[in-house]
$ cat upload-v2.cif   # mmCIF, C-alpha atoms and all ligand atoms
data_coords
#
loop_
_atom_site.label_atom_id
_atom_site.label_comp_id
_atom_site.auth_asym_id
_atom_site.auth_seq_id
_atom_site.Cartn_x
_atom_site.Cartn_y
_atom_site.Cartn_z
CA MET A 1 76.39 -83.74 -20.68
CA ALA A 2 80.09 -82.95 -20.88
CA ARG A 3 81.83 -82.96 -17.50
CA LEU A 4 83.78 -79.93 -16.36
CA GLY A 5 87.02 -81.88 -16.55
CA ASP A 6 86.32 -82.79 -20.19
CA ILE A 7 85.52 -79.20 -21.09
CA ALA A 8 88.66 -77.96 -19.36
CA ARG A 9 90.75 -80.65 -21.04
CA ARG A 10 89.47 -79.57 -24.46
CA ALA A 11 89.97 -75.89 -23.67
CA TYR A 12 93.51 -76.40 -22.48
CA GLY A 13 94.35 -79.21 -24.88
CA SER A 14 97.41 -77.45 -26.19
CA TRP A 15 99.34 -77.90 -22.97
CA LEU A 16 98.12 -81.29 -21.86
CA GLY A 17 100.70 -83.98 -21.27
CA ALA A 18 100.64 -86.83 -23.77
CA GLU A 19 101.40 -89.70 -21.39
CA ASP A 20 98.84 -88.57 -18.80
CA PRO A 21 95.82 -87.37 -20.78
CA GLY A 22 93.91 -84.69 -18.96
CA GLN A 23 96.84 -83.50 -16.90
CA PRO A 24 99.18 -80.73 -17.91
CA SER A 25 102.82 -81.72 -18.02
CA SER A 26 103.94 -78.14 -17.57
CA LEU A 27 102.31 -74.87 -16.65
CA PRO A 28 100.46 -72.93 -19.28
CA ALA A 29 102.25 -69.82 -20.38
CA PRO A 30 101.85 -66.41 -18.92
CA VAL A 31 98.95 -65.29 -16.83
CA ASP A 32 96.79 -63.10 -19.06
CA GLN A 33 96.05 -59.52 -18.17
CA GLY A 34 92.28 -59.98 -18.55
CA THR A 35 92.26 -62.58 -15.78
CA LEU A 36 94.16 -60.27 -13.42
CA GLU A 37 91.89 -57.34 -14.19
CA GLY A 38 88.81 -59.53 -13.76
CA MET A 39 89.90 -60.73 -10.32
CA ARG A 40 90.57 -57.17 -9.14
CA ARG A 41 87.34 -55.80 -10.61
CA ASP A 42 85.12 -58.60 -9.20
CA TRP A 43 86.67 -58.57 -5.72
CA ASN A 44 86.45 -54.78 -5.57
CA LEU A 45 82.74 -55.03 -6.40
CA ARG A 46 82.26 -57.71 -3.74
CA ALA A 47 84.15 -55.65 -1.17
CA ARG A 48 82.01 -52.57 -1.86
CA ASP A 49 78.83 -54.61 -1.76
CA ASN A 50 79.45 -56.53 1.48
CA ALA A 51 83.13 -57.27 2.14
CA ARG A 52 82.66 -59.36 5.28
CA HIS A 53 80.01 -61.55 3.67
CA TYR A 54 82.19 -62.29 0.63
CA VAL A 55 85.15 -62.99 2.87
CA GLN A 56 83.20 -65.40 5.07
CA SER A 57 79.89 -66.19 3.43
CA GLU A 58 78.37 -68.11 6.36
CA ARG A 59 76.53 -64.91 7.31
CA THR A 60 75.21 -61.84 5.50
CA GLU A 61 75.74 -59.49 8.41
CA TRP A 62 78.76 -59.92 10.65
CA PRO A 63 79.09 -58.01 13.92
CA ASP A 64 82.73 -57.03 14.55
CA ARG A 65 83.34 -59.44 17.37
CA ASP A 66 81.91 -62.53 15.65
CA PHE A 67 83.70 -61.76 12.39
CA PHE A 68 87.16 -61.51 13.91
CA ARG A 69 86.43 -64.43 16.25
CA SER A 70 85.80 -66.56 13.14
CA GLY A 71 89.29 -65.61 11.91
CA GLU A 72 90.83 -66.44 15.28
CA ILE A 73 89.12 -69.84 15.23
CA ASN A 74 90.36 -70.54 11.69
CA VAL A 75 93.92 -69.63 12.71
CA ALA A 76 93.66 -71.88 15.78
CA GLU A 77 92.44 -74.75 13.65
CA LEU A 78 94.53 -74.32 10.51
CA VAL A 79 97.79 -72.72 11.65
CA MET A 80 98.28 -73.30 15.36
CA THR A 81 97.77 -77.06 14.98
CA ASP A 82 100.56 -77.04 12.40
CA MET A 83 103.19 -75.12 14.35
CA PRO A 84 105.58 -78.07 14.62
CA ARG A 85 105.72 -78.18 10.81
CA VAL A 86 106.15 -74.41 10.59
CA CYS A 87 108.79 -74.11 13.30
CA GLY A 88 110.58 -77.43 13.18
CA ALA A 89 112.44 -78.34 16.33
CA THR A 90 114.57 -75.25 16.61
CA LYS A 91 112.62 -72.11 15.71
CA SER A 92 110.26 -69.92 17.71
CA PRO A 93 107.26 -68.47 15.85
CA LEU A 94 108.17 -65.17 17.48
CA ASP A 95 111.25 -65.08 15.21
CA LEU A 96 109.45 -66.08 12.01
CA SER A 97 108.11 -64.02 9.10
CA MET A 98 105.09 -65.11 7.13
CA VAL A 99 103.02 -64.14 4.10
CA GLU A 100 99.25 -64.42 3.87
CA ILE A 101 98.02 -64.59 0.25
CA GLY A 102 94.49 -63.16 -0.13
CA CYS A 103 94.11 -61.52 3.28
CA GLY A 104 90.71 -59.99 2.54
CA VAL A 105 89.87 -57.46 5.25
CA GLY A 106 92.38 -58.92 7.72
CA ARG A 107 90.00 -61.38 9.38
CA MET A 108 92.79 -63.92 10.04
CA THR A 109 95.68 -61.45 9.80
CA ARG A 110 95.04 -59.97 13.24
CA MET A 111 95.42 -63.37 14.89
CA LEU A 112 98.41 -64.36 12.72
CA ALA A 113 100.14 -61.21 13.97
CA ARG A 114 99.86 -62.50 17.54
CA ILE A 115 101.79 -65.65 16.60
CA PHE A 116 104.48 -64.54 14.15
CA ALA A 117 107.13 -61.82 14.29
CA GLU A 118 106.18 -60.27 10.92
CA VAL A 119 103.11 -60.76 8.77
CA THR A 120 102.91 -59.55 5.18
CA ALA A 121 99.31 -59.73 4.05
CA LEU A 122 98.58 -59.33 0.36
CA ASP A 123 95.39 -59.09 -1.68
CA VAL A 124 94.46 -58.41 -5.32
CA SER A 125 91.62 -56.03 -4.37
CA ASP A 126 92.43 -52.46 -3.38
CA GLU A 127 89.04 -52.24 -1.62
CA MET A 128 89.93 -55.27 0.52
CA VAL A 129 93.44 -53.90 1.11
CA ALA A 130 92.06 -50.57 2.34
CA ARG A 131 89.83 -52.39 4.85
CA ALA A 132 92.65 -54.73 5.91
CA ARG A 133 94.94 -51.74 6.51
CA ALA A 134 92.30 -50.06 8.66
CA ASN A 135 91.64 -53.29 10.57
CA THR A 136 95.33 -53.88 11.33
CA ALA A 137 96.44 -50.27 11.84
CA ASP A 138 97.17 -50.97 15.52
CA LEU A 139 99.52 -53.88 14.71
CA PRO A 140 103.11 -52.73 14.00
CA ASN A 141 104.20 -56.16 12.74
CA VAL A 142 101.65 -56.26 9.90
CA THR A 143 102.26 -54.91 6.36
CA VAL A 144 99.35 -55.03 3.95
CA LEU A 145 100.21 -54.97 0.25
CA LEU A 146 98.17 -54.62 -2.91
CA GLY A 147 99.29 -57.52 -5.09
CA ASP A 148 99.05 -57.91 -8.84
CA GLY A 149 96.95 -61.08 -8.45
CA ALA A 150 99.60 -63.61 -9.46
CA THR A 151 102.95 -62.73 -7.86
CA LEU A 152 104.37 -61.78 -4.48
CA ARG A 153 106.20 -58.71 -5.75
CA PRO A 154 107.69 -56.67 -4.11
CA LEU A 155 108.71 -59.29 -1.52
CA ALA A 156 112.38 -60.24 -1.57
CA SER A 157 113.54 -63.77 -2.36
CA ASN A 158 114.36 -66.03 0.62
CA SER A 159 112.73 -63.59 3.04
CA ASN A 160 109.97 -65.60 4.75
CA ASP A 161 109.51 -68.82 6.69
CA PHE A 162 105.85 -69.58 6.04
CA VAL A 163 103.35 -68.76 3.28
CA PHE A 164 99.67 -69.43 3.98
CA SER A 165 96.40 -69.08 2.08
CA PHE A 166 92.83 -70.03 2.99
CA ILE A 167 89.63 -69.69 0.91
CA VAL A 168 91.49 -67.76 -1.80
CA PHE A 169 92.82 -70.25 -4.37
CA GLN A 170 89.37 -71.86 -4.46
CA HIS A 171 88.28 -68.66 -6.26
CA ILE A 172 91.25 -68.28 -8.63
CA PRO A 173 90.04 -68.84 -12.19
CA THR A 174 93.12 -70.31 -13.89
CA LEU A 175 95.79 -72.86 -13.19
CA ALA A 176 98.33 -70.38 -14.59
CA VAL A 177 97.67 -67.98 -11.68
CA ILE A 178 97.84 -70.80 -9.13
CA GLY A 179 101.10 -71.96 -10.70
CA SER A 180 102.52 -68.45 -10.60
CA TYR A 181 101.75 -68.17 -6.88
CA CYS A 182 103.43 -71.54 -6.25
CA ARG A 183 106.60 -70.35 -7.97
CA GLU A 184 106.43 -67.08 -6.08
CA ALA A 185 105.90 -68.80 -2.74
CA HIS A 186 108.98 -70.89 -3.46
CA ARG A 187 110.93 -67.75 -4.35
CA VAL A 188 110.07 -65.79 -1.19
CA LEU A 189 110.47 -68.74 1.20
CA ARG A 190 113.76 -69.44 2.88
CA PRO A 191 115.14 -72.93 2.27
CA GLY A 192 113.17 -75.34 4.47
CA GLY A 193 110.13 -73.01 4.50
CA LEU A 194 106.52 -74.19 4.21
CA PHE A 195 103.71 -73.15 1.84
CA LYS A 196 100.37 -74.35 3.22
CA PHE A 197 97.35 -73.57 1.07
CA GLN A 198 93.89 -74.74 0.17
CA VAL A 199 92.56 -75.16 -3.36
CA GLN A 200 89.27 -76.18 -4.93
CA GLY A 201 89.40 -79.94 -5.42
CA LEU A 202 85.80 -80.39 -6.57
CA THR A 203 85.75 -80.90 -10.32
CA SER A 204 81.95 -81.09 -10.62
CA PHE A 205 81.21 -77.35 -10.52
CA ARG A 206 80.13 -75.65 -13.72
CA ARG A 207 82.24 -72.58 -14.25
CA GLY A 208 83.09 -69.98 -16.84
CA ARG A 209 86.64 -69.52 -18.06
CA ARG A 210 87.20 -66.35 -16.05
CA ASP A 211 84.85 -67.13 -13.17
CA THR A 212 86.40 -65.44 -10.12
CA TRP A 213 84.03 -67.06 -7.65
CA THR A 214 84.22 -70.75 -8.59
CA GLY A 215 87.91 -71.25 -9.03
CA TYR A 216 89.92 -73.66 -11.12
CA PRO A 217 89.69 -77.17 -9.63
CA VAL A 218 93.02 -78.81 -8.93
CA THR A 219 93.46 -82.57 -9.27
CA ARG A 220 96.06 -84.68 -7.51
CA SER A 221 98.26 -84.90 -10.55
CA GLN A 222 98.01 -81.16 -11.14
CA ALA A 223 99.04 -80.64 -7.51
CA ARG A 224 102.09 -82.81 -8.14
CA MET A 225 102.87 -80.80 -11.26
CA LEU A 226 102.47 -77.49 -9.39
CA ALA A 227 104.88 -78.63 -6.70
CA ARG A 228 107.43 -80.03 -9.10
CA THR A 229 107.38 -77.04 -11.44
CA ALA A 230 107.87 -74.61 -8.58
CA GLY A 231 110.63 -76.65 -6.94
CA PHE A 232 108.66 -77.89 -3.91
CA VAL A 233 108.28 -81.29 -2.32
CA ILE A 234 104.71 -82.23 -1.31
CA GLU A 235 105.00 -82.95 2.39
CA ARG A 236 101.33 -83.67 2.98
CA SER A 237 97.91 -83.34 1.34
CA GLU A 238 94.36 -83.69 2.55
CA GLY A 239 90.91 -83.66 0.94
CA PRO A 240 91.61 -84.20 -2.78
CA GLY A 241 88.31 -84.11 -4.66
CA THR A 242 86.71 -81.80 -2.08
CA GLN A 243 86.34 -78.05 -1.75
CA PHE A 244 89.01 -78.11 0.92
CA TYR A 245 91.94 -79.71 -0.81
CA TRP A 246 94.89 -78.79 1.43
CA LEU A 247 98.48 -78.90 0.28
CA TRP A 248 101.67 -78.59 2.28
CA PHE A 249 104.56 -77.73 -0.08
CA ARG A 250 108.05 -77.74 1.44
CA LYS A 251 110.95 -75.82 -0.07
CA PRO A 252 113.91 -78.19 0.16
CA LEU A 253 116.82 -77.08 2.31
CA ASP A 254 119.11 -77.02 -0.70
CA GLY A 255 116.51 -74.89 -2.53
CA ALA A 256 115.69 -77.40 -5.27
CA ALA A 257 113.41 -80.44 -5.46
CA GLU A 258 114.30 -83.61 -7.37
C1 LIG B 1 86.89 -65.39 0.53
S1 LIG B 1 88.04 -64.08 0.77
C2 LIG B 1 89.07 -64.77 2.08
C3 LIG B 1 89.93 -63.75 2.78
C4 LIG B 1 90.83 -64.31 3.89
N1 LIG B 1 91.70 -65.35 3.39
C5 LIG B 1 90.01 -64.83 5.04
O1 LIG B 1 89.90 -66.06 5.18
O2 LIG B 1 89.51 -64.01 5.79
C6 LIG B 1 89.08 -64.22 -0.65
C7 LIG B 1 90.07 -63.11 -0.77
O3 LIG B 1 91.03 -63.46 -1.76
C8 LIG B 1 91.32 -62.34 -2.53
N2 LIG B 1 91.80 -62.81 -3.82
C9 LIG B 1 91.10 -63.39 -4.82
N3 LIG B 1 91.91 -63.68 -5.84
C10 LIG B 1 93.16 -63.29 -5.48
C11 LIG B 1 94.43 -63.31 -6.12
N4 LIG B 1 94.58 -63.80 -7.34
N5 LIG B 1 95.48 -62.83 -5.44
C12 LIG B 1 95.34 -62.31 -4.18
N6 LIG B 1 94.16 -62.24 -3.56
C13 LIG B 1 93.09 -62.73 -4.19
C14 LIG B 1 90.02 -61.58 -2.61
O4 LIG B 1 90.19 -60.22 -2.95
C15 LIG B 1 89.49 -61.77 -1.21
O5 LIG B 1 89.91 -60.77 -0.36
#
$ encode --input "upload-v2.cif" --output "structure tokens"
Amino acid sequence: MARLGDIARRAYGSWLGAEDPGQPSSLPAPVDQGTLEGMRRDWNLRARDNARHYVQSERTEWPDRDFFRSGEINVAELVMTDMPRVCGATKSPLDLSMVEIGCGVGRMTRMLARIFAEVTALDVSDEMVARARANTADLPNVTVLLGDGATLRPLASNSNDFVFSFIVFQHIPTLAVIGSYCREAHRVLRPGGLFKFQVQGLTSFRRGRRDTWTGYPVTRSQARMLARTAGFVIERSEGPGTQFYWLWFRKPLDGAAE
């Protein structure tokens, strides 16, 4: 039986690098409209069906308190433990602006807003965005935006200190969309800023080309390519080959990587 990696390599053969078979040497060209529409359509359906379950699928029914507690715990574990990297030696989180890509219904956003000065939370699904807006309406430092699914428009360049994403890229169906977000994260970060995100590292899943649940698996060499193409330096990585492949991409102080 053909392995997923082999199928993907054949499908994307036109942009594979010659000296490193199986790994793209540059990003595939533009994100196609069908992929963007598919992500929005599927996540709107999921939100209407049972938004909290599709955001955090450990449970089918989530009482309010437990649901938002799960977000607080994730922020404690995944963001608060990393504050020295986010702040460096000189900055207070209370002065920093951050972007959350794929905020869902605002499960983590509420807690992020207690740590950072400004939080811009963005999602491809207008159904999720409507719920996130309602769930953060009492928080003046949160702005929830409907994104196009691949960029951080309308955010200004060099306007944020930290970009974060959890259990979102693991659902994104193409490397082109992931690459676009990496370039966009680099654009909106100030020099020295950090993009911490988690991707699907498991290559053994069977998936369809536009599957918006089982996302495109990212290998180590693709991660290196994503960083390099966007202008980042990989500061740290954890869990390659697993569902929780974490990447810490740093925007160099001079704005450009080697
Ligand atoms: C599993 S939920 C996680 C939500 C949130 N990160 C959390 O942990 O509570 C995934 C979210 O990512 C959003 N999403 C999926 N693809 C996206 C894309 N290309 N751009 C922005 N958001 C996306 C979905 O609409 C959904 O709200």
$ closest_atom_pairs --input "upload-v2.cif" --of "chain A" --to "ligand LIG 1 (chain B)" --cutoff "7 Å" --atoms "only C-alpha atoms and all ligand atoms" --output "JSON lines"
{"residue": "A:Met39", "atom": "CA", "partner": "B:LIG1", "partner_atom": "N3", "distance": 5.7}
{"residue": "A:Arg40", "atom": "CA", "partner": "B:LIG1", "partner_atom": "O4", "distance": 6.9}
{"residue": "A:Trp43", "atom": "CA", "partner": "B:LIG1", "partner_atom": "O4", "distance": 4.8}
{"residue": "A:Tyr54", "atom": "CA", "partner": "B:LIG1", "partner_atom": "C1", "distance": 5.6}
{"residue": "A:Val55", "atom": "CA", "partner": "B:LIG1", "partner_atom": "S1", "distance": 3.7}
{"residue": "A:Gln56", "atom": "CA", "partner": "B:LIG1", "partner_atom": "C1", "distance": 5.9}
{"residue": "A:Gly71", "atom": "CA", "partner": "B:LIG1", "partner_atom": "O2", "distance": 6.3}
{"residue": "A:Ile101", "atom": "CA", "partner": "B:LIG1", "partner_atom": "C12", "distance": 5.7}
{"residue": "A:Gly102", "atom": "CA", "partner": "B:LIG1", "partner_atom": "N6", "distance": 3.6}
{"residue": "A:Cys103", "atom": "CA", "partner": "B:LIG1", "partner_atom": "C4", "distance": 4.3}
{"residue": "A:Gly104", "atom": "CA", "partner": "B:LIG1", "partner_atom": "O5", "distance": 3.1}
{"residue": "A:Val105", "atom": "CA", "partner": "B:LIG1", "partner_atom": "O5", "distance": 6.5}
{"residue": "A:Gly106", "atom": "CA", "partner": "B:LIG1", "partner_atom": "O2", "distance": 6.2}
{"residue": "A:Arg107", "atom": "CA", "partner": "B:LIG1", "partner_atom": "O2", "distance": 4.5}
{"residue": "A:Met108", "atom": "CA", "partner": "B:LIG1", "partner_atom": "O2", "distance": 5.4}
{"residue": "A:Leu122", "atom": "CA", "partner": "B:LIG1", "partner_atom": "C12", "distance": 6.3}
{"residue": "A:Asp123", "atom": "CA", "partner": "B:LIG1", "partner_atom": "N6", "distance": 3.9}
{"residue": "A:Val124", "atom": "CA", "partner": "B:LIG1", "partner_atom": "C12", "distance": 4.2}
{"residue": "A:Ser125", "atom": "CA", "partner": "B:LIG1", "partner_atom": "O4", "distance": 4.6}
{"residue": "A:Met128", "atom": "CA", "partner": "B:LIG1", "partner_atom": "O5", "distance": 5.6}
{"residue": "A:Gly147", "atom": "CA", "partner": "B:LIG1", "partner_atom": "C12", "distance": 6.3}
{"residue": "A:Asp148", "atom": "CA", "partner": "B:LIG1", "partner_atom": "N5", "distance": 7.0}
{"residue": "A:Gly149", "atom": "CA", "partner": "B:LIG1", "partner_atom": "N4", "distance": 3.8}
{"residue": "A:Ala150", "atom": "CA", "partner": "B:LIG1", "partner_atom": "N4", "distance": 5.5}
{"residue": "A:Ser165", "atom": "CA", "partner": "B:LIG1", "partner_atom": "N1", "distance": 6.1}
{"residue": "A:Phe166", "atom": "CA", "partner": "B:LIG1", "partner_atom": "N1", "distance": 4.8}
{"residue": "A:Ile167", "atom": "CA", "partner": "B:LIG1", "partner_atom": "C2", "distance": 5.1}
{"residue": "A:Val168", "atom": "CA", "partner": "B:LIG1", "partner_atom": "O3", "distance": 4.3}
{"residue": "A:Phe169", "atom": "CA", "partner": "B:LIG1", "partner_atom": "N3", "distance": 6.8}
{"residue": "A:His171", "atom": "CA", "partner": "B:LIG1", "partner_atom": "C9", "distance": 6.1}
{"residue": "A:Ile172", "atom": "CA", "partner": "B:LIG1", "partner_atom": "N3", "distance": 5.4}
{"residue": "A:Val177", "atom": "CA", "partner": "B:LIG1", "partner_atom": "N4", "distance": 6.8}
$ residues_around --input "upload-v2.cif" --residues "Thr174 (chain A)" --least-positions-apart "5" --cutoff "12 Å" --atoms "all atoms listed in the file" --output "NGL selection string"
:A and (8 or 11-12 or 27-36 or 38-39 or 149-150 or 169 or 179-181 or 199-200 or 207-218)
$ residues_around --input "upload-v2.cif" --residues "Gln198 (chain A)" --least-positions-apart "4" --cutoff "6 Å" --atoms "only C-alpha atoms" --output "PDB file with C-alpha atoms, in the coordinates of the input"
ATOM      1  CA  PHE A 166      92.830 -70.030   2.990  1.00  0.00           C
ATOM      2  CA  PHE A 244      89.010 -78.110   0.920  1.00  0.00           C
ATOM      3  CA  TYR A 245      91.940 -79.710  -0.810  1.00  0.00           C
ATOM      4  CA  TRP A 246      94.890 -78.790   1.430  1.00  0.00           C
TER       5      TRP A 246
END
$ residues_near_point --input "upload-v2.cif" --point "(109.1, -65.3, 16.2)" --cutoff "10 Å" --atoms "all atoms listed in the file" --output "PyMOL selection string"
chain A and resi 87+91-98+114-118
$ atom_distance --input "upload-v2.cif" --atom1 "CA of Leu194 (chain A)" --atom2 "CA of Asp161 (chain A)"
6.6 Å
$ closest_residue --input "upload-v2.cif" --among "A:Arg190, A:Thr136, A:Met225, A:Lys196" --to "Asp254 (chain A)" --atoms "only C-alpha atoms"
A:Arg190
$ closest_residue --input "upload-v2.cif" --among "A:Gly88, A:Gly201, A:Pro154, A:Gly231" --to "Thr120 (chain A)" --atoms "only C-alpha atoms"
A:Pro154
$ atom_distance --input "upload-v2.cif" --atom1 "CA of Phe197 (chain A)" --atom2 "CA of Val163 (chain A)"
8.0 Å
$ closest_residue --input "upload-v2.cif" --among "A:Asn50, A:Gly241, A:Leu146, A:Phe164" --to "Leu78 (chain A)" --atoms "only C-alpha atoms"
A:Phe164
$ axis_aligned_box --input "upload-v2.cif" --around "region 47-52 of chain A" --padding-each-side "5 Å" --output "JSON"
{"center_x": 81.5, "center_y": -56.0, "center_z": 1.7, "size_x": 15.3, "size_y": 16.8, "size_z": 17.1}
$ residues_near_point --input "upload-v2.cif" --point "(102.5, -81.3, -7.1)" --cutoff "12 Å" --atoms "only C-alpha atoms" --output "JSON, numbers by chain"
{"A": [23, 24, 25, 26, 27, 178, 179, 182, 183, 218, 219, 220, 221, 222, 223, 224, 225, 226, 227, 228, 229, 230, 231, 232, 233, 234, 235, 236, 237, 246, 247, 248, 249, 250, 257]}
